[in-house]
Amino acid sequence: MGSTAPLSTWPWRNLGAFKYLLYGPFVSKVLYERFYEGNNNFSWCFHLLLLYVCRGLTYVFWNTYSNMLFLTRNRRILQQGVDFKQIDHEWDWDNFLILQTLIAAMACYCFPFLHDLPLWNVKGLLVALVLHVGISEPLYYWLHKKFHEGYLFRHYHSFHHAAPVPQAITAGNATPLEHLILTAIIAIPIAGASMLGLGSLVLIYAYVLGFDFLRSMGHSNIEIIPHQLFEAFPLLRLVVYTPTYHSLHHTDKGTNFCLFMPLFDALGNTLNSKSWQLHKEISLNSRKNSRVPDFVFLVHIVDVSSSTHVQFALRTFASLPYRFRFFLIPFLPIALTSLILMWLLSKTFLVTFYNLRGRLHQTWAVPRFGFQYFLPFAADGINKQIEDAILRADRIGVKVISLAALNKNEALNGGGKLFVDKHPNLRVRVVHGNTLTAAVILNEIPKEVEEVFLTGATSKLGRVIALYLCRRKIRVLMLTLSADRFQKIQKEAPPEYQSYLVQVTKYQAAQNCKTWIVGKWITYKEQSWAPKGTHFHQFVVPPILPFRRDCTYGDLAAMRLPEDVEGLGCCEYTMERGVVHACHAGGVVHSLEGWSHHEVGAIDVDRIDVVWKAALKHGLRPVSSPPSSSLLGS
């Protein structure tokens, strides 16, 4: 889009979230009238604000519904996902609501008869309907065709069509010139009825919200209208469009230009011949199973506030690394209610997906929150949820399922071993991904390091890290009070390397060691024993707090997905865009390599280098820059 074209960019584009201060005068006027003047009647300012909220919610609710993949995956028209590029492109989709509110305010000042409209007038509704069909529909059709030609398309309408996958909010993502024209088209039926003395509040709310409802439905990429309706009443095909109908306009830009009524495409000879057959196919397919994923990452919900960090709740928020924000507070009661309902009623559900080299990768969520994993009475129920998900994946033909975070807790199910032992004939490969997690941590350690301090030393990850380091002749101070567990691990090392494993029982033992590998949460007091300049590597969840300003802290083990990943538009919890936890990446490597073994229970130290090289071969990369001479090498 040309930057010099008039009315091609929004005047408040540089204000960010401060653009909403433009509503300040409206809010001030409503509060002044209510509390200072004691006016209990609803003024036109109040109605404009209420209409703005209702309109915004209309688009948001449609966007939420279309991204509820557990409900809509079989109704999707275009199958690709919405990526970060499209989300950024549509970040300010609601600019048109501000513009139209300001224009409506000017109209109220210029035409005082709009201040005292009656609540209801049936004749006005009929007049508005006639004006919509007779003027707004054909005018929009003609102008829309013009905006697909030469200069107007290059400098204006191409901005709207830059979104590869239509979403409800895509409907609002256009230039100021287009929305000024659209404002006039919306105004014609309302203004016409009002100037005839037939206007009403119901007319304004019903027409504007109905307009927004149909536009957001048409862009939703979800087919909700059954084809049987058109077969029973064929003329309806000319009266109202469908999401499938409008999606064809986005894929074949030379057809299906109408606003809501395909009649005008039929009259203008621009009706796509595939419209009704494609609609029927998608409608019929909604009853069938969708495409089977090649790989599934099985997660759980971390906490109440982070449950909003999903595309069907807050799409733009989910496209950024999670951190708590104050605007989440109003959503917490809804999230808490959903927690209770999920605990009682829900099963594992589809959250998001992306594509990698022709393979479909999905994320499923166990409907349990992190704290529930530490309730003894909840363990059996959680394992049942995980087991059901694995059996479902096996039944539909998933090749690899990777367990995330607490879903592979050693005390809960032995890192997935419980399920593999119980179901020895599983075709789906169950993976905990810890081998690659260990490799990522080890890759951050320089070759010249001679000694490390290891907490969580007898855990699965602690054990394999210790065994790998001692083979590299690095002295490992293993913090554990259990001599038996330490000796068991020490005996696993080759005899010539066993002396490199040293049991320590106090943090004071590491007061001269500048490389700490943290697998168990440590407090400020415990961190204070580290010497100045220490680097804290970690594989503990949640990450330790960076109390020491004179030390450095590594992030949780993670890897960046290959550059050719497609349709990825959601950050994985606190990770950067395009970055996933190492256990997720481990499952991806397992799938891409086509390995036929399970990866559960104890980690095989001999597999670390194999898995690491396979990850690099497939284009996965470490997030942080490794030292110039790391243990594994990049």
# chains A, B, ... in the order shown; residues from 1 in each chain; ligands from 1

call {"tool": "select_by_dssp", "arguments": {"residues": "region 414-597 of chain A", "states": "strand (DSSP E)", "output": "PyMOL selection string"}}
result
chain A and resi 429-431+451-454+475-479+501-504+515-518+535-538+552-553+558-560+565-566+579-581

call {"tool": "write_last_selection", "arguments": {"atoms": "N, CA and C atoms", "output": "mmCIF file, in the first residue's frame"}}
result
data_model
loop_
_atom_site.group_PDB
_atom_site.id
_atom_site.type_symbol
_atom_site.label_atom_id
_atom_site.label_comp_id
_atom_site.auth_asym_id
_atom_site.auth_seq_id
_atom_site.Cartn_x
_atom_site.Cartn_y
_atom_site.Cartn_z
ATOM 1 N N ARG A 429 3.694 -42.957 19.275
ATOM 2 C CA ARG A 429 4.921 -42.945 20.076
ATOM 3 C C ARG A 429 4.809 -41.877 21.156
ATOM 4 N N VAL A 430 4.935 -42.280 22.396
ATOM 5 C CA VAL A 430 4.832 -41.369 23.538
ATOM 6 C C VAL A 430 6.228 -40.846 23.870
ATOM 7 N N VAL A 431 6.356 -39.534 23.960
ATOM 8 C CA VAL A 431 7.668 -38.904 24.111
ATOM 9 C C VAL A 431 7.605 -37.871 25.238
ATOM 10 N N GLU A 451 34.020 -27.304 36.518
ATOM 11 C CA GLU A 451 33.211 -27.712 37.658
ATOM 12 C C GLU A 451 31.838 -27.045 37.573
ATOM 13 N N VAL A 452 30.799 -27.819 37.915
ATOM 14 C CA VAL A 452 29.442 -27.277 37.956
ATOM 15 C C VAL A 452 28.795 -27.702 39.264
ATOM 16 N N PHE A 453 27.804 -26.902 39.675
ATOM 17 C CA PHE A 453 27.008 -27.227 40.852
ATOM 18 C C PHE A 453 25.600 -27.555 40.371
ATOM 19 N N LEU A 454 25.083 -28.718 40.747
ATOM 20 C CA LEU A 454 23.830 -29.220 40.206
ATOM 21 C C LEU A 454 22.815 -29.456 41.309
ATOM 22 N N ARG A 475 33.848 -31.874 36.748
ATOM 23 C CA ARG A 475 33.490 -32.226 38.116
ATOM 24 C C ARG A 475 32.081 -31.718 38.418
ATOM 25 N N VAL A 476 31.212 -32.595 38.902
ATOM 26 C CA VAL A 476 29.822 -32.250 39.162
ATOM 27 C C VAL A 476 29.543 -32.356 40.657
ATOM 28 N N LEU A 477 29.224 -31.207 41.267
ATOM 29 C CA LEU A 477 28.839 -31.183 42.678
ATOM 30 C C LEU A 477 27.340 -31.419 42.746
ATOM 31 N N MET A 478 26.938 -32.627 43.109
ATOM 32 C CA MET A 478 25.536 -33.025 43.080
ATOM 33 C C MET A 478 24.907 -32.799 44.456
ATOM 34 N N LEU A 479 23.987 -31.840 44.530
ATOM 35 C CA LEU A 479 23.341 -31.521 45.801
ATOM 36 C C LEU A 479 22.217 -32.514 46.073
ATOM 37 N N LEU A 501 31.929 -37.310 39.898
ATOM 38 C CA LEU A 501 30.642 -37.069 40.543
ATOM 39 C C LEU A 501 30.862 -36.997 42.049
ATOM 40 N N VAL A 502 30.479 -35.854 42.641
ATOM 41 C CA VAL A 502 30.740 -35.607 44.053
ATOM 42 C C VAL A 502 29.430 -35.236 44.744
ATOM 43 N N GLN A 503 29.097 -35.947 45.819
ATOM 44 C CA GLN A 503 27.892 -35.602 46.567
ATOM 45 C C GLN A 503 28.179 -34.462 47.532
ATOM 46 N N VAL A 504 27.301 -33.450 47.520
ATOM 47 C CA VAL A 504 27.363 -32.376 48.508
ATOM 48 C C VAL A 504 25.969 -32.236 49.110
ATOM 49 N N THR A 515 29.330 -21.932 37.829
ATOM 50 C CA THR A 515 28.355 -22.527 36.898
ATOM 51 C C THR A 515 27.369 -23.356 37.702
ATOM 52 N N TRP A 516 26.176 -22.847 37.861
ATOM 53 C CA TRP A 516 25.116 -23.546 38.591
ATOM 54 C C TRP A 516 24.073 -24.043 37.594
ATOM 55 N N ILE A 517 23.699 -25.294 37.742
ATOM 56 C CA ILE A 517 22.602 -25.859 36.952
ATOM 57 C C ILE A 517 21.478 -26.170 37.933
ATOM 58 N N VAL A 518 20.379 -25.423 37.805
ATOM 59 C CA VAL A 518 19.340 -25.440 38.823
ATOM 60 C C VAL A 518 18.150 -26.281 38.350
ATOM 61 N N HIS A 535 26.718 -17.930 36.535
ATOM 62 C CA HIS A 535 25.602 -18.053 35.585
ATOM 63 C C HIS A 535 24.723 -19.208 36.041
ATOM 64 N N PHE A 536 23.414 -18.918 36.151
ATOM 65 C CA PHE A 536 22.453 -19.934 36.574
ATOM 66 C C PHE A 536 21.762 -20.527 35.340
ATOM 67 N N HIS A 537 22.141 -21.742 34.966
ATOM 68 C CA HIS A 537 21.364 -22.509 33.994
ATOM 69 C C HIS A 537 20.215 -23.147 34.770
ATOM 70 N N GLN A 538 19.091 -23.405 34.091
ATOM 71 C CA GLN A 538 17.979 -23.952 34.866
ATOM 72 C C GLN A 538 17.046 -24.832 34.037
ATOM 73 N N THR A 552 24.202 -13.841 36.216
ATOM 74 C CA THR A 552 23.352 -13.935 35.025
ATOM 75 C C THR A 552 22.480 -15.180 35.127
ATOM 76 N N TYR A 553 21.329 -15.117 34.432
ATOM 77 C CA TYR A 553 20.341 -16.193 34.536
ATOM 78 C C TYR A 553 19.928 -16.663 33.145
ATOM 79 N N ALA A 558 14.712 -24.214 25.622
ATOM 80 C CA ALA A 558 13.779 -24.000 24.518
ATOM 81 C C ALA A 558 14.546 -24.004 23.209
ATOM 82 N N MET A 559 13.798 -24.166 22.108
ATOM 83 C CA MET A 559 14.407 -24.110 20.782
ATOM 84 C C MET A 559 13.480 -23.349 19.841
ATOM 85 N N ARG A 560 14.097 -22.745 18.847
ATOM 86 C CA ARG A 560 13.339 -22.017 17.837
ATOM 87 C C ARG A 560 12.934 -22.979 16.720
ATOM 88 N N VAL A 565 8.109 -22.994 9.215
ATOM 89 C CA VAL A 565 6.870 -23.295 9.921
ATOM 90 C C VAL A 565 5.763 -22.381 9.390
ATOM 91 N N GLU A 566 4.550 -22.897 9.270
ATOM 92 C CA GLU A 566 3.444 -22.149 8.682
ATOM 93 C C GLU A 566 2.255 -22.099 9.635
ATOM 94 N N VAL A 579 9.300 -19.741 19.290
ATOM 95 C CA VAL A 579 10.114 -20.540 20.208
ATOM 96 C C VAL A 579 9.201 -21.471 21.006
ATOM 97 N N VAL A 580 9.625 -22.714 21.173
ATOM 98 C CA VAL A 580 8.839 -23.675 21.945
ATOM 99 C C VAL A 580 9.728 -24.307 23.005
ATOM 100 N N HIS A 581 9.088 -24.844 24.035
ATOM 101 C CA HIS A 581 9.839 -25.544 25.069
ATOM 102 C C HIS A 581 10.586 -26.724 24.451
#

call {"tool": "atom_distance", "arguments": {"atom1": "CA of Thr523 (chain A)", "atom2": "CA of Arg549 (chain A)"}}
result
14.4 Å

call {"tool": "closest_atom_pairs", "arguments": {"of": "region 456-477 of chain A", "to": "region 408-428 of chain A", "cutoff": "12 Å", "atoms": "only C-alpha atoms", "output": "CSV"}}
result
residue,atom,partner,partner_atom,distance
A:Thr458,CA,A:Glu410,CA,11.6
A:Ser459,CA,A:Glu410,CA,8.4
A:Lys460,CA,A:Glu410,CA,8.0
A:Leu461,CA,A:Glu410,CA,10.7

call {"tool": "residues_around", "arguments": {"residues": "Phe295 (chain A)", "least_positions_apart": "5", "cutoff": "7 Å", "atoms": "only C-alpha atoms", "output": "list in words"}}
result
Leu360, His361, Gln362, Val398, Lys399, Val400, Ile401 and Ser591 of chain A

call {"tool": "closest_residue", "arguments": {"among": "A:Asp555, A:Glu149, A:Glu223, A:Glu450", "to": "Pro543 (chain A)", "atoms": "only C-alpha atoms"}}
result
A:Asp555

call {"tool": "residues_around", "arguments": {"residues": "region 257-268 of chain A", "least_positions_apart": "4", "cutoff": "8 Å", "atoms": "only C-alpha atoms", "output": "PyMOL selection string"}}
result
chain A and resi 137-138+140-141+144-145+214-215+237-241+249

call {"tool": "write_last_selection", "arguments": {"atoms": "N, CA, C and O atoms", "output": "PDB file, in the first residue's frame"}}
result
ATOM      1  N   GLU A 137     -26.933  -1.828  -0.872  1.00  0.00           N
ATOM      2  CA  GLU A 137     -26.394  -3.044  -1.485  1.00  0.00           C
ATOM      3  C   GLU A 137     -25.807  -2.793  -2.884  1.00  0.00           C
ATOM      4  O   GLU A 137     -24.650  -3.125  -3.125  1.00  0.00           O
ATOM      5  N   PRO A 138     -26.565  -2.205  -3.816  1.00  0.00           N
ATOM      6  CA  PRO A 138     -25.963  -1.984  -5.150  1.00  0.00           C
ATOM      7  C   PRO A 138     -24.817  -0.976  -5.129  1.00  0.00           C
ATOM      8  O   PRO A 138     -23.855  -1.117  -5.888  1.00  0.00           O
ATOM      9  N   TYR A 140     -22.649  -0.466  -2.637  1.00  0.00           N
ATOM     10  CA  TYR A 140     -21.469  -1.175  -2.132  1.00  0.00           C
ATOM     11  C   TYR A 140     -20.894  -2.083  -3.216  1.00  0.00           C
ATOM     12  O   TYR A 140     -19.669  -2.141  -3.410  1.00  0.00           O
ATOM     13  N   TYR A 141     -21.758  -2.815  -3.905  1.00  0.00           N
ATOM     14  CA  TYR A 141     -21.296  -3.734  -4.946  1.00  0.00           C
ATOM     15  C   TYR A 141     -20.496  -2.995  -6.006  1.00  0.00           C
ATOM     16  O   TYR A 141     -19.385  -3.418  -6.374  1.00  0.00           O
ATOM     17  N   HIS A 144     -17.205  -1.615  -4.468  1.00  0.00           N
ATOM     18  CA  HIS A 144     -16.281  -2.713  -4.169  1.00  0.00           C
ATOM     19  C   HIS A 144     -15.566  -3.168  -5.432  1.00  0.00           C
ATOM     20  O   HIS A 144     -14.356  -3.425  -5.430  1.00  0.00           O
ATOM     21  N   LYS A 145     -16.290  -3.272  -6.539  1.00  0.00           N
ATOM     22  CA  LYS A 145     -15.658  -3.647  -7.805  1.00  0.00           C
ATOM     23  C   LYS A 145     -14.619  -2.607  -8.212  1.00  0.00           C
ATOM     24  O   LYS A 145     -13.530  -2.958  -8.687  1.00  0.00           O
ATOM     25  N   LEU A 214     -23.263  -9.642  10.305  1.00  0.00           N
ATOM     26  CA  LEU A 214     -23.130 -10.296   9.006  1.00  0.00           C
ATOM     27  C   LEU A 214     -21.730 -10.130   8.425  1.00  0.00           C
ATOM     28  O   LEU A 214     -21.192 -11.053   7.802  1.00  0.00           O
ATOM     29  N   ARG A 215     -21.124  -8.970   8.635  1.00  0.00           N
ATOM     30  CA  ARG A 215     -19.749  -8.786   8.126  1.00  0.00           C
ATOM     31  C   ARG A 215     -18.756  -9.675   8.860  1.00  0.00           C
ATOM     32  O   ARG A 215     -17.875 -10.280   8.244  1.00  0.00           O
ATOM     33  N   ARG A 237     -30.448 -18.205  -1.533  1.00  0.00           N
ATOM     34  CA  ARG A 237     -29.080 -18.067  -2.045  1.00  0.00           C
ATOM     35  C   ARG A 237     -28.810 -16.679  -2.604  1.00  0.00           C
ATOM     36  O   ARG A 237     -27.652 -16.252  -2.666  1.00  0.00           O
ATOM     37  N   LEU A 238     -29.871 -16.001  -3.028  1.00  0.00           N
ATOM     38  CA  LEU A 238     -29.713 -14.654  -3.575  1.00  0.00           C
ATOM     39  C   LEU A 238     -29.919 -13.572  -2.524  1.00  0.00           C
ATOM     40  O   LEU A 238     -29.640 -12.398  -2.769  1.00  0.00           O
ATOM     41  N   VAL A 239     -30.396 -13.968  -1.343  1.00  0.00           N
ATOM     42  CA  VAL A 239     -30.749 -12.993  -0.307  1.00  0.00           C
ATOM     43  C   VAL A 239     -29.631 -12.801   0.716  1.00  0.00           C
ATOM     44  O   VAL A 239     -29.385 -11.686   1.174  1.00  0.00           O
ATOM     45  N   VAL A 240     -28.950 -13.886   1.087  1.00  0.00           N
ATOM     46  CA  VAL A 240     -27.922 -13.781   2.129  1.00  0.00           C
ATOM     47  C   VAL A 240     -26.702 -14.621   1.750  1.00  0.00           C
ATOM     48  O   VAL A 240     -26.838 -15.734   1.246  1.00  0.00           O
ATOM     49  N   TYR A 241     -25.542 -14.019   1.937  1.00  0.00           N
ATOM     50  CA  TYR A 241     -24.316 -14.763   1.627  1.00  0.00           C
ATOM     51  C   TYR A 241     -23.915 -15.662   2.789  1.00  0.00           C
ATOM     52  O   TYR A 241     -24.549 -15.660   3.855  1.00  0.00           O
ATOM     53  N   HIS A 249     -14.267 -14.854  -2.370  1.00  0.00           N
ATOM     54  CA  HIS A 249     -13.847 -13.519  -2.811  1.00  0.00           C
ATOM     55  C   HIS A 249     -12.400 -13.260  -2.399  1.00  0.00           C
ATOM     56  O   HIS A 249     -11.654 -12.584  -3.128  1.00  0.00           O
TER      57      HIS A 249
END

call {"tool": "atom_distance", "arguments": {"atom1": "CA of Ile135 (chain A)", "atom2": "CA of Leu57 (chain A)"}}
result
27.8 Å

call {"tool": "residues_around", "arguments": {"residues": "Ala439 (chain A)", "least_positions_apart": "2", "cutoff": "12 Å", "atoms": "only C-alpha atoms", "output": "VMD selection string"}}
result
chain A and resid 433 to 437 441 to 445 461 to 462 464 to 465 468 to 469 539 557 to 559 582 to 583 585 to 586 603 to 616 621 to 622 626 630 to 634

call {"tool": "atom_distance", "arguments": {"atom1": "CA of Ala335 (chain A)", "atom2": "CA of Ala393 (chain A)"}}
result
27.3 Å

call {"tool": "residues_around", "arguments": {"residues": "region 276-290 of chain A", "least_positions_apart": "2", "cutoff": "8 Å", "atoms": "only C-alpha atoms", "output": "PyMOL selection string"}}
result
chain A and resi 73-77+223-227+242+244-245+273-274+292

call {"tool": "closest_residue", "arguments": {"among": "A:Ala17, A:Leu198, A:Leu298, A:Leu406", "to": "Asp388 (chain A)", "atoms": "only C-alpha atoms"}}
result
A:Leu298

call {"tool": "select_by_dssp", "arguments": {"residues": "region 347-429 of chain A", "states": "helix (DSSP H, G or I)", "output": "PyMOL selection string"}}
result
chain A and resi 370-374+376-396+405-408+410-413+417-422

call {"tool": "residues_around", "arguments": {"residues": "region 50-53 of chain A", "least_positions_apart": "3", "cutoff": "9 Å", "atoms": "only C-alpha atoms", "output": "PyMOL selection string"}}
result
chain A and resi 45-47+56-58+97-98+101+205+208-209

call {"tool": "closest_residue", "arguments": {"among": "A:Ala163, A:Leu177, A:Leu182, A:Val30", "to": "Leu49 (chain A)", "atoms": "only C-alpha atoms"}}
result
A:Val30

call {"tool": "decode", "arguments": {"residues": "region 155-166 of chain A", "atoms": "all heavy atoms", "output": "mmCIF file, in the first residue's frame"}}
result
data_model
loop_
_atom_site.group_PDB
_atom_site.id
_atom_site.type_symbol
_atom_site.label_atom_id
_atom_site.label_comp_id
_atom_site.auth_asym_id
_atom_site.auth_seq_id
_atom_site.Cartn_x
_atom_site.Cartn_y
_atom_site.Cartn_z
ATOM 1 N N HIS A 155 -3.360 0.871 -3.685
ATOM 2 C CA HIS A 155 -3.108 1.841 -2.611
ATOM 3 C C HIS A 155 -4.087 1.738 -1.450
ATOM 4 O O HIS A 155 -3.839 2.326 -0.395
ATOM 5 C CB HIS A 155 -3.127 3.259 -3.183
ATOM 6 C CG HIS A 155 -1.992 3.537 -4.116
ATOM 7 N ND1 HIS A 155 -0.754 3.942 -3.689
ATOM 8 C CD2 HIS A 155 -1.904 3.433 -5.465
ATOM 9 C CE1 HIS A 155 0.062 4.097 -4.719
ATOM 10 N NE2 HIS A 155 -0.617 3.799 -5.815
ATOM 11 N N TYR A 156 -5.187 1.004 -1.629
ATOM 12 C CA TYR A 156 -6.197 0.938 -0.566
ATOM 13 C C TYR A 156 -6.633 -0.491 -0.257
ATOM 14 O O TYR A 156 -6.296 -1.039 0.788
ATOM 15 C CB TYR A 156 -7.415 1.802 -0.936
ATOM 16 C CG TYR A 156 -7.102 3.267 -1.046
ATOM 17 C CD1 TYR A 156 -6.817 3.842 -2.284
ATOM 18 C CD2 TYR A 156 -7.067 4.086 0.077
ATOM 19 C CE1 TYR A 156 -6.511 5.196 -2.396
ATOM 20 C CE2 TYR A 156 -6.769 5.433 -0.010
ATOM 21 C CZ TYR A 156 -6.485 5.979 -1.243
ATOM 22 O OH TYR A 156 -6.165 7.310 -1.334
ATOM 23 N N HIS A 157 -7.363 -1.098 -1.177
ATOM 24 C CA HIS A 157 -8.059 -2.348 -0.849
ATOM 25 C C HIS A 157 -7.108 -3.525 -0.666
ATOM 26 O O HIS A 157 -7.461 -4.508 -0.020
ATOM 27 C CB HIS A 157 -9.094 -2.667 -1.929
ATOM 28 C CG HIS A 157 -10.154 -3.620 -1.472
ATOM 29 N ND1 HIS A 157 -10.839 -3.485 -0.267
ATOM 30 C CD2 HIS A 157 -10.638 -4.765 -2.035
ATOM 31 C CE1 HIS A 157 -11.706 -4.467 -0.125
ATOM 32 N NE2 HIS A 157 -11.608 -5.261 -1.183
ATOM 33 N N SER A 158 -5.906 -3.460 -1.210
ATOM 34 C CA SER A 158 -4.943 -4.552 -1.029
ATOM 35 C C SER A 158 -4.580 -4.716 0.437
ATOM 36 O O SER A 158 -4.186 -5.808 0.871
ATOM 37 C CB SER A 158 -3.676 -4.294 -1.853
ATOM 38 O OG SER A 158 -3.058 -3.082 -1.443
ATOM 39 N N PHE A 159 -4.706 -3.636 1.219
ATOM 40 C CA PHE A 159 -4.435 -3.712 2.655
ATOM 41 C C PHE A 159 -5.385 -4.704 3.325
ATOM 42 O O PHE A 159 -4.973 -5.510 4.163
ATOM 43 C CB PHE A 159 -4.587 -2.319 3.275
ATOM 44 C CG PHE A 159 -4.275 -2.257 4.739
ATOM 45 C CD1 PHE A 159 -2.963 -2.158 5.184
ATOM 46 C CD2 PHE A 159 -5.290 -2.298 5.691
ATOM 47 C CE1 PHE A 159 -2.672 -2.096 6.538
ATOM 48 C CE2 PHE A 159 -5.006 -2.241 7.044
ATOM 49 C CZ PHE A 159 -3.691 -2.145 7.466
ATOM 50 N N HIS A 160 -6.656 -4.660 2.952
ATOM 51 C CA HIS A 160 -7.644 -5.590 3.501
ATOM 52 C C HIS A 160 -7.365 -7.015 3.042
ATOM 53 O O HIS A 160 -7.465 -7.961 3.828
ATOM 54 C CB HIS A 160 -9.045 -5.147 3.061
ATOM 55 C CG HIS A 160 -10.129 -6.106 3.443
ATOM 56 N ND1 HIS A 160 -10.557 -6.274 4.740
ATOM 57 C CD2 HIS A 160 -10.877 -6.971 2.688
ATOM 58 C CE1 HIS A 160 -11.529 -7.183 4.780
ATOM 59 N NE2 HIS A 160 -11.735 -7.624 3.548
ATOM 60 N N HIS A 161 -6.982 -7.172 1.778
ATOM 61 C CA HIS A 161 -6.775 -8.514 1.221
ATOM 62 C C HIS A 161 -5.405 -9.096 1.569
ATOM 63 O O HIS A 161 -5.105 -10.218 1.160
ATOM 64 C CB HIS A 161 -6.951 -8.482 -0.297
ATOM 65 C CG HIS A 161 -8.379 -8.573 -0.729
ATOM 66 N ND1 HIS A 161 -9.043 -9.764 -0.839
ATOM 67 C CD2 HIS A 161 -9.281 -7.598 -1.049
ATOM 68 C CE1 HIS A 161 -10.288 -9.550 -1.228
ATOM 69 N NE2 HIS A 161 -10.468 -8.235 -1.359
ATOM 70 N N ALA A 162 -4.598 -8.362 2.314
ATOM 71 C CA ALA A 162 -3.271 -8.883 2.685
ATOM 72 C C ALA A 162 -3.367 -10.009 3.703
ATOM 73 O O ALA A 162 -2.394 -10.725 3.931
ATOM 74 C CB ALA A 162 -2.398 -7.757 3.241
ATOM 75 N N ALA A 163 -4.526 -10.172 4.334
ATOM 76 C CA ALA A 163 -4.715 -11.260 5.306
ATOM 77 C C ALA A 163 -5.006 -12.553 4.551
ATOM 78 O O ALA A 163 -6.036 -12.659 3.884
ATOM 79 C CB ALA A 163 -5.863 -10.932 6.250
ATOM 80 N N PRO A 164 -4.133 -13.562 4.641
ATOM 81 C CA PRO A 164 -4.349 -14.803 3.886
ATOM 82 C C PRO A 164 -5.522 -15.633 4.391
ATOM 83 O O PRO A 164 -6.124 -16.378 3.629
ATOM 84 C CB PRO A 164 -3.027 -15.564 4.042
ATOM 85 C CG PRO A 164 -2.393 -14.995 5.268
ATOM 86 C CD PRO A 164 -2.842 -13.571 5.354
ATOM 87 N N VAL A 165 -5.833 -15.522 5.688
ATOM 88 C CA VAL A 165 -6.931 -16.293 6.275
ATOM 89 C C VAL A 165 -7.942 -15.306 6.868
ATOM 90 O O VAL A 165 -7.663 -14.686 7.892
ATOM 91 C CB VAL A 165 -6.429 -17.254 7.377
ATOM 92 C CG1 VAL A 165 -7.586 -18.108 7.898
ATOM 93 C CG2 VAL A 165 -5.304 -18.133 6.855
ATOM 94 N N PRO A 166 -9.112 -15.136 6.246
ATOM 95 C CA PRO A 166 -10.088 -14.196 6.800
ATOM 96 C C PRO A 166 -10.487 -14.577 8.223
ATOM 97 O O PRO A 166 -10.663 -15.750 8.548
ATOM 98 C CB PRO A 166 -11.283 -14.338 5.846
ATOM 99 C CG PRO A 166 -10.719 -14.885 4.590
ATOM 100 C CD PRO A 166 -9.584 -15.775 5.012
#
